[in-house]
>>> print(open('query_2.tsv').read())   # TSV, C-alpha atoms
chain	number	residue	atom	x	y	z
A	1	MET	CA	-2.57	-25.01	12.00
A	2	LEU	CA	0.10	-25.34	9.28
A	3	VAL	CA	3.32	-27.24	10.00
A	4	LEU	CA	6.53	-27.11	8.00
A	5	ARG	CA	7.92	-30.53	8.84
A	6	GLY	CA	11.54	-31.70	9.01
A	7	ALA	CA	13.40	-28.52	8.13
A	8	ASP	CA	16.68	-26.99	9.13
A	9	ILE	CA	15.78	-23.62	10.65
A	10	VAL	CA	18.18	-20.87	9.64
A	11	ASP	CA	18.21	-17.32	10.99
A	12	ALA	CA	20.56	-14.84	12.65
A	13	THR	CA	20.76	-17.03	15.77
A	14	GLY	CA	22.19	-20.01	13.89
A	15	ILE	CA	20.87	-23.27	12.46
A	16	ARG	CA	18.87	-26.06	14.12
A	17	ASP	CA	16.59	-28.99	13.26
A	18	ALA	CA	12.94	-28.30	14.03
A	19	ASP	CA	9.38	-28.30	12.84
A	20	VAL	CA	7.65	-24.93	12.51
A	21	ALA	CA	3.96	-24.58	13.41
A	22	VAL	CA	1.96	-21.62	12.17
A	23	GLU	CA	-1.51	-20.56	13.27
A	24	ASN	CA	-3.47	-17.33	12.81
A	25	GLY	CA	-0.52	-15.66	11.11
A	26	GLU	CA	1.91	-16.38	13.95
A	27	ILE	CA	4.66	-18.89	14.62
A	28	VAL	CA	3.22	-20.85	17.55
A	29	SER	CA	5.88	-23.54	17.93
A	30	VAL	CA	9.44	-24.29	16.81
A	31	GLY	CA	10.50	-27.81	17.77
A	32	ASP	CA	8.68	-31.16	17.84
A	33	VAL	CA	5.15	-30.41	16.68
A	34	PRO	CA	2.22	-32.89	16.79
A	35	GLU	CA	-0.08	-33.53	13.83
A	36	ALA	CA	-1.70	-30.47	12.29
A	37	ASP	CA	-4.47	-29.54	9.87
A	38	GLU	CA	-1.99	-29.06	7.03
A	39	GLU	CA	1.60	-30.22	6.73
A	40	ILE	CA	4.35	-29.59	4.21
A	41	ASP	CA	7.34	-31.93	4.16
A	42	VAL	CA	10.41	-29.71	3.83
A	43	SER	CA	12.99	-32.34	4.73
A	44	GLY	CA	16.41	-31.46	3.35
A	45	LYS	CA	15.43	-27.81	2.93
A	46	PHE	CA	15.97	-24.67	4.99
A	47	VAL	CA	13.31	-22.49	6.59
A	48	ALA	CA	14.41	-18.87	7.00
A	49	PRO	CA	12.73	-15.55	7.78
A	50	GLY	CA	11.21	-13.68	4.87
A	51	LEU	CA	13.45	-10.98	3.44
A	52	ILE	CA	13.04	-7.34	4.42
A	53	ASP	CA	13.91	-4.66	1.87
A	54	SER	CA	14.61	-1.33	3.58
A	55	HIS	CA	14.48	0.79	0.41
A	56	ILE	CA	12.02	0.36	-2.45
A	57	HIS	CA	9.85	2.58	-4.61
A	58	ALA	CA	6.57	0.75	-5.09
A	59	SER	CA	5.35	2.91	-7.96
A	60	MET	CA	8.55	2.63	-10.04
A	61	ASP	CA	8.88	-0.34	-12.34
A	62	GLY	CA	12.50	-0.50	-13.49
A	63	ARG	CA	11.96	1.54	-16.67
A	64	PRO	CA	15.08	3.09	-18.22
A	65	ASP	CA	14.05	6.69	-17.50
A	66	VAL	CA	12.17	7.00	-14.20
A	67	THR	CA	11.14	10.59	-14.93
A	68	THR	CA	8.70	9.32	-17.55
A	69	MET	CA	6.47	8.18	-14.68
A	70	ASN	CA	5.35	11.84	-14.67
A	71	HIS	CA	3.26	10.94	-17.71
A	72	ASP	CA	1.41	8.18	-15.86
A	73	SER	CA	-1.81	8.91	-14.00
A	74	GLU	CA	-2.02	8.16	-10.30
A	75	MET	CA	-4.34	5.27	-11.15
A	76	MET	CA	-1.78	3.75	-13.51
A	77	LEU	CA	0.94	4.18	-10.89
A	78	SER	CA	-1.24	2.38	-8.36
A	79	TYR	CA	-1.67	-0.55	-10.74
A	80	ARG	CA	2.10	-0.66	-11.19
A	81	ALA	CA	2.60	-0.61	-7.44
A	82	THR	CA	0.18	-3.51	-7.04
A	83	ALA	CA	2.14	-5.59	-9.56
A	84	ASN	CA	5.49	-4.63	-8.04
A	85	LEU	CA	4.43	-5.58	-4.51
A	86	ARG	CA	3.08	-8.91	-5.74
A	87	ASP	CA	6.39	-9.61	-7.50
A	88	ALA	CA	8.37	-8.75	-4.37
A	89	LEU	CA	6.25	-11.04	-2.22
A	90	HIS	CA	6.56	-13.98	-4.62
A	91	ALA	CA	10.34	-13.45	-4.52
A	92	GLY	CA	10.30	-14.04	-0.76
A	93	VAL	CA	10.25	-10.41	0.39
A	94	THR	CA	7.71	-10.17	3.20
A	95	SER	CA	8.33	-6.61	4.47
A	96	VAL	CA	9.41	-3.46	2.64
A	97	ARG	CA	10.07	0.20	3.36
A	98	ASP	CA	8.89	2.50	0.59
A	99	LEU	CA	11.11	5.58	0.52
A	100	GLY	CA	9.23	7.74	-1.93
A	101	SER	CA	6.12	7.44	-4.06
A	102	PRO	CA	3.72	10.13	-5.26
A	103	THR	CA	1.16	11.50	-2.77
A	104	THR	CA	-0.26	8.73	-0.53
A	105	LEU	CA	0.24	5.87	-3.01
A	106	ALA	CA	2.61	3.69	-0.92
A	107	LEU	CA	0.81	4.48	2.32
A	108	ASP	CA	-2.47	3.39	0.74
A	109	ALA	CA	-0.83	0.29	-0.75
A	110	GLY	CA	0.27	-0.73	2.73
A	111	LYS	CA	-3.29	-0.40	3.99
A	112	ALA	CA	-4.55	-2.43	1.02
A	113	VAL	CA	-2.11	-5.24	1.81
A	114	GLU	CA	-3.09	-5.21	5.47
A	115	ALA	CA	-6.78	-5.35	4.54
A	116	GLY	CA	-6.19	-8.29	2.19
A	117	LEU	CA	-7.23	-6.33	-0.90
A	118	ILE	CA	-3.93	-6.95	-2.72
A	119	ASP	CA	-1.06	-9.40	-2.32
A	120	GLY	CA	2.18	-7.90	-1.11
A	121	PRO	CA	4.67	-7.55	1.72
A	122	ARG	CA	3.97	-5.52	4.81
A	123	VAL	CA	4.69	-1.89	3.86
A	124	VAL	CA	6.30	0.82	5.96
A	125	ALA	CA	6.17	4.04	3.93
A	126	CYS	CA	7.39	7.63	4.08
A	127	GLY	CA	4.70	9.18	1.91
A	128	GLN	CA	6.53	11.77	-0.16
A	129	ASN	CA	10.25	12.51	0.04
A	130	VAL	CA	11.03	15.93	1.50
A	131	VAL	CA	13.30	17.68	-1.02
A	132	MET	CA	14.64	21.15	-1.66
A	133	THR	CA	13.04	23.08	-4.51
A	134	GLY	CA	14.38	21.59	-7.73
A	135	GLY	CA	16.36	19.00	-5.76
A	136	HIS	CA	16.85	15.32	-6.41
A	137	GLY	CA	13.53	13.57	-6.97
A	138	HIS	CA	11.56	16.81	-6.97
A	139	TRP	CA	9.17	15.44	-9.60
A	140	PHE	CA	7.49	13.18	-7.02
A	141	GLY	CA	8.70	14.69	-3.74
A	142	ARG	CA	7.41	17.42	-1.44
A	143	GLU	CA	9.54	20.50	-2.11
A	144	ALA	CA	10.47	22.58	0.93
A	145	ASP	CA	13.03	25.30	1.68
A	146	GLY	CA	14.05	26.58	5.09
A	147	GLU	CA	13.20	25.28	8.53
A	148	ALA	CA	9.56	26.34	8.57
A	149	GLU	CA	8.74	24.71	5.24
A	150	VAL	CA	10.63	21.54	6.15
A	151	LYS	CA	8.72	21.31	9.43
A	152	LYS	CA	5.40	21.67	7.61
A	153	ALA	CA	6.39	19.11	4.96
A	154	VAL	CA	7.31	16.57	7.64
A	155	ARG	CA	4.08	17.19	9.51
A	156	GLU	CA	2.12	16.61	6.31
A	157	GLN	CA	3.66	13.15	5.93
A	158	LEU	CA	3.07	12.36	9.60
A	159	LYS	CA	-0.58	13.38	9.23
A	160	ARG	CA	-0.86	10.90	6.34
A	161	GLY	CA	0.47	8.11	8.58
A	162	ALA	CA	4.11	7.90	7.51
A	163	GLY	CA	6.16	5.30	9.38
A	164	VAL	CA	9.43	6.99	8.38
A	165	ILE	CA	10.40	10.43	7.08
A	166	LYS	CA	12.70	10.48	4.05
A	167	CYS	CA	14.71	13.44	2.79
A	168	MET	CA	17.24	14.13	0.08
A	169	ALA	CA	20.43	15.29	1.79
A	170	THR	CA	22.42	15.37	-1.47
A	171	GLY	CA	21.90	15.32	-5.21
A	172	GLY	CA	21.31	12.05	-6.99
A	173	VAL	CA	21.96	10.03	-10.12
A	174	LEU	CA	18.51	10.04	-11.70
A	175	THR	CA	17.75	13.78	-11.59
A	176	GLU	CA	19.09	15.82	-14.48
A	177	GLY	CA	21.12	18.78	-13.24
A	178	ALA	CA	21.52	17.44	-9.69
A	179	VAL	CA	25.14	17.04	-8.55
A	180	THR	CA	25.33	13.55	-7.07
A	181	GLY	CA	27.52	14.29	-4.06
A	182	SER	CA	26.56	17.91	-3.46
A	183	PRO	CA	24.64	18.75	-0.25
A	184	GLU	CA	21.05	19.89	-0.81
A	185	PHE	CA	19.43	20.37	2.60
A	186	ASP	CA	21.66	22.27	5.02
A	187	GLU	CA	22.34	21.27	8.63
A	188	ALA	CA	19.57	23.45	10.09
A	189	GLU	CA	16.98	21.94	7.73
A	190	LEU	CA	18.15	18.41	8.53
A	191	ASN	CA	18.01	19.11	12.26
A	192	THR	CA	14.45	20.41	11.87
A	193	LEU	CA	13.42	17.34	9.90
A	194	VAL	CA	14.76	14.95	12.54
A	195	GLU	CA	13.33	16.91	15.48
A	196	THR	CA	9.89	17.15	13.88
A	197	ALA	CA	9.77	13.42	13.15
A	198	ALA	CA	11.13	12.56	16.61
A	199	ALA	CA	8.24	14.39	18.25
A	200	LYS	CA	6.04	11.58	16.92
A	201	HIS	CA	8.70	8.89	17.56
A	202	VAL	CA	9.10	8.36	13.81
A	203	PRO	CA	12.55	7.45	12.40
A	204	THR	CA	14.19	9.16	9.45
A	205	ALA	CA	16.14	8.26	6.33
A	206	ALA	CA	18.41	10.41	4.18
A	207	HIS	CA	19.35	9.86	0.56
A	208	ALA	CA	23.02	10.86	0.75
A	209	HIS	CA	25.76	10.12	-1.76
A	210	GLY	CA	28.46	12.69	-0.92
A	211	THR	CA	30.66	12.71	2.17
A	212	GLU	CA	29.63	16.17	3.38
A	213	GLY	CA	25.95	15.38	3.02
A	214	ILE	CA	26.40	12.06	4.83
A	215	LYS	CA	28.14	13.75	7.75
A	216	ASN	CA	25.51	16.50	7.92
A	217	ALA	CA	22.76	13.87	8.09
A	218	VAL	CA	24.56	11.79	10.71
A	219	LYS	CA	25.18	14.83	12.92
A	220	ALA	CA	21.49	15.70	12.66
A	221	GLY	CA	20.56	12.27	14.00
A	222	ILE	CA	19.18	10.66	10.82
A	223	SER	CA	18.33	6.99	11.43
A	224	SER	CA	19.70	5.61	8.16
A	225	ILE	CA	21.92	6.73	5.30
A	226	GLU	CA	20.67	5.53	1.93
A	227	HIS	CA	23.32	4.80	-0.74
A	228	GLY	CA	26.34	6.43	1.00
A	229	THR	CA	28.30	6.07	-2.20
A	230	PHE	CA	31.20	8.43	-1.50
A	231	MET	CA	31.43	7.60	2.22
A	232	ASP	CA	34.94	8.13	3.61
A	233	ARG	CA	36.45	6.55	6.71
A	234	GLU	CA	35.54	9.50	8.94
A	235	ALA	CA	31.90	9.35	7.85
A	236	ALA	CA	31.84	5.59	8.43
A	237	GLU	CA	33.25	5.99	11.93
A	238	MET	CA	30.68	8.69	12.70
A	239	MET	CA	27.91	6.34	11.60
A	240	ALA	CA	29.28	3.46	13.67
A	241	ASP	CA	29.70	5.65	16.77
A	242	ARG	CA	26.16	7.03	16.54
A	243	GLY	CA	24.44	3.81	15.52
A	244	THR	CA	23.39	5.15	12.12
A	245	TYR	CA	22.31	2.41	9.75
A	246	TRP	CA	23.65	2.14	6.21
A	247	VAL	CA	21.41	0.91	3.39
A	248	PRO	CA	23.85	0.42	0.46
A	249	THR	CA	21.42	-0.31	-2.44
A	250	ALA	CA	24.11	-1.93	-4.61
A	251	LYS	CA	21.55	-3.08	-7.20
A	252	ALA	CA	20.63	0.50	-8.06
A	253	LEU	CA	24.07	1.38	-9.43
A	254	HIS	CA	24.54	-2.03	-11.05
A	255	GLY	CA	21.33	-1.77	-13.04
A	256	ILE	CA	22.33	1.57	-14.55
A	257	VAL	CA	25.99	0.82	-15.21
A	258	GLU	CA	25.39	-2.64	-16.68
A	259	GLN	CA	22.57	-1.57	-19.05
A	260	GLY	CA	23.83	1.89	-20.02
A	261	THR	CA	22.56	4.30	-22.65
A	262	ASP	CA	21.96	1.52	-25.19
A	263	ALA	CA	19.07	0.39	-23.03
A	264	GLY	CA	17.53	3.86	-22.99
A	265	ILE	CA	18.89	5.17	-19.70
A	266	PRO	CA	19.58	8.93	-19.97
A	267	PRO	CA	23.28	9.70	-20.59
A	268	TYR	CA	23.51	12.01	-17.58
A	269	ALA	CA	22.34	9.17	-15.30
A	270	VAL	CA	24.82	6.67	-16.74
A	271	GLU	CA	27.70	9.13	-16.41
A	272	LYS	CA	26.88	9.85	-12.78
A	273	ALA	CA	26.33	6.18	-11.97
A	274	GLU	CA	29.70	5.21	-13.41
A	275	GLU	CA	31.40	7.86	-11.28
A	276	ALA	CA	29.52	6.69	-8.19
A	277	GLY	CA	30.26	3.05	-8.94
A	278	ASP	CA	33.98	3.73	-8.88
A	279	ALA	CA	33.70	5.02	-5.29
A	280	PHE	CA	31.22	2.45	-3.97
A	281	GLU	CA	33.79	-0.28	-3.35
A	282	ASP	CA	35.78	2.07	-1.09
A	283	ALA	CA	32.62	3.07	0.77
A	284	PHE	CA	31.81	-0.57	1.47
A	285	ARG	CA	35.32	-1.19	2.76
A	286	HIS	CA	35.15	1.84	5.07
A	287	ALA	CA	31.78	0.73	6.42
A	288	LEU	CA	32.91	-2.83	7.12
A	289	GLU	CA	36.16	-1.74	8.76
A	290	ALA	CA	34.36	0.80	10.95
A	291	GLY	CA	31.64	-1.65	11.96
A	292	VAL	CA	28.67	0.23	10.51
A	293	THR	CA	25.39	-1.66	10.89
A	294	ILE	CA	24.06	-2.57	7.45
A	295	ALA	CA	20.41	-3.10	6.51
A	296	MET	CA	19.54	-4.59	3.15
A	297	GLY	CA	17.84	-2.32	0.63
A	298	THR	CA	17.74	-2.26	-3.15
A	299	ASP	CA	16.15	0.99	-4.36
A	300	ALA	CA	13.88	-1.35	-6.34
A	301	GLY	CA	12.09	0.40	-9.17
A	302	THR	CA	15.12	2.31	-10.48
A	303	PRO	CA	16.37	1.41	-14.00
A	304	PHE	CA	16.52	-2.36	-14.56
A	305	ASN	CA	16.22	-2.89	-10.79
A	306	PHE	CA	13.05	-4.95	-10.64
A	307	HIS	CA	11.12	-5.88	-7.52
A	308	ARG	CA	11.13	-9.54	-8.54
A	309	ASP	CA	14.95	-9.51	-8.35
A	310	ILE	CA	15.33	-8.05	-4.84
A	311	PRO	CA	17.07	-11.18	-3.45
A	312	GLU	CA	20.04	-10.53	-5.78
A	313	GLU	CA	21.09	-7.71	-3.44
A	314	LEU	CA	22.44	-10.24	-0.94
A	315	GLU	CA	24.76	-11.71	-3.56
A	316	LEU	CA	26.04	-8.22	-4.42
A	317	MET	CA	26.67	-7.36	-0.77
A	318	VAL	CA	28.77	-10.51	-0.44
A	319	GLU	CA	30.73	-9.54	-3.54
A	320	TYR	CA	31.55	-6.26	-1.82
A	321	GLY	CA	32.90	-8.02	1.27
A	322	LEU	CA	29.99	-8.93	3.53
A	323	SER	CA	29.81	-12.59	4.60
A	324	PRO	CA	26.72	-14.66	3.72
A	325	ASP	CA	25.90	-14.61	7.45
A	326	GLY	CA	26.25	-10.83	7.43
A	327	ALA	CA	24.00	-10.55	4.40
A	328	LEU	CA	21.37	-12.70	6.13
A	329	GLU	CA	21.47	-10.46	9.19
A	330	ALA	CA	21.29	-7.30	7.05
A	331	ALA	CA	18.19	-8.59	5.28
A	332	THR	CA	16.39	-9.88	8.39
A	333	VAL	CA	17.13	-8.75	11.95
A	334	ASN	CA	18.97	-5.55	11.04
A	335	ALA	CA	16.32	-4.44	8.57
A	336	ALA	CA	13.55	-5.35	11.02
A	337	ASP	CA	15.15	-3.18	13.69
A	338	LEU	CA	15.58	-0.27	11.29
A	339	LEU	CA	11.92	-0.49	10.23
A	340	GLY	CA	10.78	-0.71	13.84
A	341	LEU	CA	9.26	-4.17	13.35
A	342	SER	CA	9.69	-6.27	16.49
A	343	ASP	CA	7.82	-9.36	15.29
A	344	VAL	CA	9.76	-10.31	12.14
A	345	GLY	CA	13.32	-11.27	11.21
A	346	LEU	CA	13.64	-14.50	13.21
A	347	VAL	CA	12.04	-17.94	13.19
A	348	GLU	CA	10.83	-17.89	16.77
A	349	GLU	CA	7.62	-18.52	18.69
A	350	GLY	CA	5.51	-15.38	18.86
A	351	TYR	CA	6.94	-13.94	15.66
A	352	ARG	CA	4.83	-13.21	12.60
A	353	ALA	CA	4.78	-16.16	10.22
A	354	ASP	CA	6.78	-14.57	7.40
A	355	LEU	CA	8.94	-17.42	6.12
A	356	VAL	CA	10.73	-18.74	3.07
A	357	VAL	CA	11.73	-22.33	2.30
A	358	LEU	CA	15.08	-22.52	0.53
A	359	ASP	CA	16.89	-25.37	-1.21
A	360	THR	CA	20.35	-24.51	0.15
A	361	ASN	CA	21.72	-22.98	3.35
A	362	PRO	CA	21.73	-19.17	3.08
A	363	ARG	CA	24.40	-18.93	5.78
A	364	THR	CA	26.84	-20.40	3.30
A	365	ASP	CA	25.14	-19.67	-0.04
A	366	GLU	CA	24.01	-16.09	-0.54
A	367	THR	CA	22.25	-17.04	-3.79
A	368	ALA	CA	19.89	-19.40	-1.93
A	369	TRP	CA	17.34	-16.60	-1.54
A	370	GLN	CA	16.90	-16.13	-5.29
A	371	ASN	CA	14.52	-19.03	-5.90
A	372	PRO	CA	12.47	-19.86	-2.81
A	373	ALA	CA	10.56	-23.14	-2.94
A	374	THR	CA	7.79	-21.80	-0.70
A	375	VAL	CA	6.88	-18.34	0.60
A	376	VAL	CA	4.68	-17.86	3.66
A	377	SER	CA	3.39	-14.37	4.45
A	378	ASN	CA	1.45	-13.69	7.64
A	379	GLY	CA	0.76	-17.41	7.85
A	380	ASN	CA	-0.54	-17.77	4.30
A	381	ILE	CA	1.24	-19.76	1.59
A	382	VAL	CA	1.63	-17.33	-1.30
A	383	ARG	CA	4.05	-19.37	-3.40
>>> encode(input="query_2.tsv", output="structure tokens")
Amino acid sequence: MLVLRGADIVDATGIRDADVAVENGEIVSVGDVPEADEEIDVSGKFVAPGLIDSHIHASMDGRPDVTTMNHDSEMMLSYRATANLRDALHAGVTSVRDLGSPTTLALDAGKAVEAGLIDGPRVVACGQNVVMTGGHGHWFGREADGEAEVKKAVREQLKRGAGVIKCMATGGVLTEGAVTGSPEFDEAELNTLVETAAAKHVPTAAHAHGTEGIKNAVKAGISSIEHGTFMDREAAEMMADRGTYWVPTAKALHGIVEQGTDAGIPPYAVEKAEEAGDAFEDAFRHALEAGVTIAMGTDAGTPFNFHRDIPEELELMVEYGLSPDGALEAATVNAADLLGLSDVGLVEEGYRADLVVLDTNPRTDETAWQNPATVVSNGNIVR
């Protein structure tokens, strides 16, 4: 038994003084705990749930031009994924959702973490993105056109063990020739994707920048909208009414806009990111005013958006209007619910022992997550 002694416990339920006892990967007691095999004095610090990132790409490494990953072998991409997952874990991220990696790479990485072969967060993965022919992310996605092909593409990912099905509902920033806000899959294809995944009780996610594509995805019953950059008030209200999650991925745009072409990012990507960035502030306002449920996600792996820096997303969300409390909820209980994980996101008895020890209170300081003193994953101290 491991005991974190003398902490302030901080999670979505509030803050309280308590010891935390961990055994066999599980939180077995929160309160006054007797002597244990191993103790860590965390007096004056804050014990919080490990962060959950709802949108990463394990095989991408923050390089300026993500399309150059086409020149890497699958073995090299797997080594990169191993390093990225280790970096995320050491940053205090204990669960992730991979929304697109080549073939079975992220699915296999999740199994490797579970088996103890590599260090990393728990991984929920989609396998390959389902994309229209020549659509956004086609270089590592599963291209499909029409309802029959979409159904087969979804079933392929389910056969591989996907825990979520991801599609590209609109164009995107990092694909040359793709129009960022333009719809790609039509309503019938989106309906087929959702219905096919639902038959196996698997949730769905849609990359969607433009308003029309967002609305098409929401009407189809997509579980979460990724990016949502040009979201208008009507789209936000639709999402709130239907319980559709929003994963904003603020870090993705910031990395491209801040570094620009001087850092080697393709000009077409910078131009599209700057246009999207201008609309993102309005989208955030619409979402907050409509009461859309937000789950934290970063799109880690996109240009200058490194897995080691995932906790910076909470600071960006606060800059866009979310409270530090709201950011904490987005990165813990909300993300856990979106990923279908019922045993993480809170510091409670019976929950998985995924914890971070922080120097300041994250309910009042959104930057507290950026330098955890200790990280515990599945009951093991990893930092």
>>> residues_around(input="query_2.tsv", residues="Gly163 in chain A", least_positions_apart="2", cutoff="9 Å", atoms="all atoms listed in the file", output="number ranges by chain")
A: 97, 107, 124-127, 157-158, 161, 165, 202-204, 339-340
>>> write_last_selection(input="query_2.tsv", atoms="C-alpha atoms", output="PDB file, keeping the file's coordinate frame")
ATOM      1  CA  ARG A  97      10.070   0.200   3.360  1.00  0.00           C
ATOM      2  CA  LEU A 107       0.810   4.480   2.320  1.00  0.00           C
ATOM      3  CA  VAL A 124       6.300   0.820   5.960  1.00  0.00           C
ATOM      4  CA  ALA A 125       6.170   4.040   3.930  1.00  0.00           C
ATOM      5  CA  CYS A 126       7.390   7.630   4.080  1.00  0.00           C
ATOM      6  CA  GLY A 127       4.700   9.180   1.910  1.00  0.00           C
ATOM      7  CA  GLN A 157       3.660  13.150   5.930  1.00  0.00           C
ATOM      8  CA  LEU A 158       3.070  12.360   9.600  1.00  0.00           C
ATOM      9  CA  GLY A 161       0.470   8.110   8.580  1.00  0.00           C
ATOM     10  CA  ILE A 165      10.400  10.430   7.080  1.00  0.00           C
ATOM     11  CA  VAL A 202       9.100   8.360  13.810  1.00  0.00           C
ATOM     12  CA  PRO A 203      12.550   7.450  12.400  1.00  0.00           C
ATOM     13  CA  THR A 204      14.190   9.160   9.450  1.00  0.00           C
ATOM     14  CA  LEU A 339      11.920  -0.490  10.230  1.00  0.00           C
ATOM     15  CA  GLY A 340      10.780  -0.710  13.840  1.00  0.00           C
TER      16      GLY A 340
END
>>> closest_residue(input="query_2.tsv", among="A:Ala178, A:Glu349, A:Val357, A:His57", to="Gly6 in chain A", atoms="all atoms listed in the file")
A:Val357
>>> closest_residue(input="query_2.tsv", among="A:Ala188, A:Met60, A:Val218, A:Val96", to="Tyr79 in chain A", atoms="all atoms listed in the file")
A:Met60
>>> residues_around(input="query_2.tsv", residues="Thr170 in chain A", least_positions_apart="6", cutoff="6 Å", atoms="all atoms listed in the file", output="number ranges by chain")
A: 181-184, 208, 213
>>> residues_around(input="query_2.tsv", residues="Pro311 in chain A", least_positions_apart="2", cutoff="12 Å", atoms="all atoms listed in the file", output="PDB file with C-alpha atoms, in the coordinates of the input")
ATOM      1  CA  GLY A  50      11.210 -13.680   4.870  1.00  0.00           C
ATOM      2  CA  LEU A  51      13.450 -10.980   3.440  1.00  0.00           C
ATOM      3  CA  ILE A  52      13.040  -7.340   4.420  1.00  0.00           C
ATOM      4  CA  ASP A  53      13.910  -4.660   1.870  1.00  0.00           C
ATOM      5  CA  ASP A  87       6.390  -9.610  -7.500  1.00  0.00           C
ATOM      6  CA  ALA A  88       8.370  -8.750  -4.370  1.00  0.00           C
ATOM      7  CA  LEU A  89       6.250 -11.040  -2.220  1.00  0.00           C
ATOM      8  CA  HIS A  90       6.560 -13.980  -4.620  1.00  0.00           C
ATOM      9  CA  ALA A  91      10.340 -13.450  -4.520  1.00  0.00           C
ATOM     10  CA  GLY A  92      10.300 -14.040  -0.760  1.00  0.00           C
ATOM     11  CA  VAL A  93      10.250 -10.410   0.390  1.00  0.00           C
ATOM     12  CA  THR A  94       7.710 -10.170   3.200  1.00  0.00           C
ATOM     13  CA  THR A 249      21.420  -0.310  -2.440  1.00  0.00           C
ATOM     14  CA  ALA A 250      24.110  -1.930  -4.610  1.00  0.00           C
ATOM     15  CA  LYS A 251      21.550  -3.080  -7.200  1.00  0.00           C
ATOM     16  CA  MET A 296      19.540  -4.590   3.150  1.00  0.00           C
ATOM     17  CA  GLY A 297      17.840  -2.320   0.630  1.00  0.00           C
ATOM     18  CA  THR A 298      17.740  -2.260  -3.150  1.00  0.00           C
ATOM     19  CA  ALA A 300      13.880  -1.350  -6.340  1.00  0.00           C
ATOM     20  CA  ASN A 305      16.220  -2.890 -10.790  1.00  0.00           C
ATOM     21  CA  PHE A 306      13.050  -4.950 -10.640  1.00  0.00           C
ATOM     22  CA  HIS A 307      11.120  -5.880  -7.520  1.00  0.00           C
ATOM     23  CA  ARG A 308      11.130  -9.540  -8.540  1.00  0.00           C
ATOM     24  CA  ASP A 309      14.950  -9.510  -8.350  1.00  0.00           C
ATOM     25  CA  GLU A 313      21.090  -7.710  -3.440  1.00  0.00           C
ATOM     26  CA  LEU A 314      22.440 -10.240  -0.940  1.00  0.00           C
ATOM     27  CA  GLU A 315      24.760 -11.710  -3.560  1.00  0.00           C
ATOM     28  CA  LEU A 316      26.040  -8.220  -4.420  1.00  0.00           C
ATOM     29  CA  MET A 317      26.670  -7.360  -0.770  1.00  0.00           C
ATOM     30  CA  ALA A 327      24.000 -10.550   4.400  1.00  0.00           C
ATOM     31  CA  LEU A 328      21.370 -12.700   6.130  1.00  0.00           C
ATOM     32  CA  ALA A 330      21.290  -7.300   7.050  1.00  0.00           C
ATOM     33  CA  ALA A 331      18.190  -8.590   5.280  1.00  0.00           C
ATOM     34  CA  THR A 332      16.390  -9.880   8.390  1.00  0.00           C
ATOM     35  CA  VAL A 356      10.730 -18.740   3.070  1.00  0.00           C
ATOM     36  CA  PRO A 362      21.730 -19.170   3.080  1.00  0.00           C
ATOM     37  CA  GLU A 366      24.010 -16.090  -0.540  1.00  0.00           C
ATOM     38  CA  THR A 367      22.250 -17.040  -3.790  1.00  0.00           C
ATOM     39  CA  ALA A 368      19.890 -19.400  -1.930  1.00  0.00           C
ATOM     40  CA  TRP A 369      17.340 -16.600  -1.540  1.00  0.00           C
ATOM     41  CA  GLN A 370      16.900 -16.130  -5.290  1.00  0.00           C
ATOM     42  CA  ASN A 371      14.520 -19.030  -5.900  1.00  0.00           C
ATOM     43  CA  PRO A 372      12.470 -19.860  -2.810  1.00  0.00           C
TER      44      PRO A 372
END
>>> atom_distance(input="query_2.tsv", atom1="CA of Ile56 in chain A", atom2="CA of Thr261 in chain A")
23.1 Å
>>> atom_distance(input="query_2.tsv", atom1="CA of Cys167 in chain A", atom2="CA of Thr67 in chain A")
18.3 Å
>>> atom_distance(input="query_2.tsv", atom1="CA of Trp139 in chain A", atom2="CA of Ala112 in chain A")
24.9 Å
>>> residues_near_point(input="query_2.tsv", point="(18.4, 4.6, 1.1)", cutoff="10 Å", atoms="all atoms listed in the file", output="JSON, numbers by chain")
{"A": [54, 55, 56, 97, 98, 99, 166, 167, 168, 205, 206, 207, 208, 209, 224, 225, 226, 227, 228, 245, 246, 247, 248, 249, 295, 296, 297, 298, 299]}
>>> axis_aligned_box(input="query_2.tsv", around="range 267-281 of chain A", padding_each_side="3 Å", output="lines of an AutoDock Vina configuration file")
center_x = 28.2
center_y = 5.9
center_z = -12.0
size_x = 17.6
size_y = 18.3
size_z = 23.2
>>> closest_residue(input="query_2.tsv", among="A:Arg363, A:Arg233, A:Lys151, A:Arg122", to="Phe284 in chain A", atoms="all atoms listed in the file")
A:Arg233
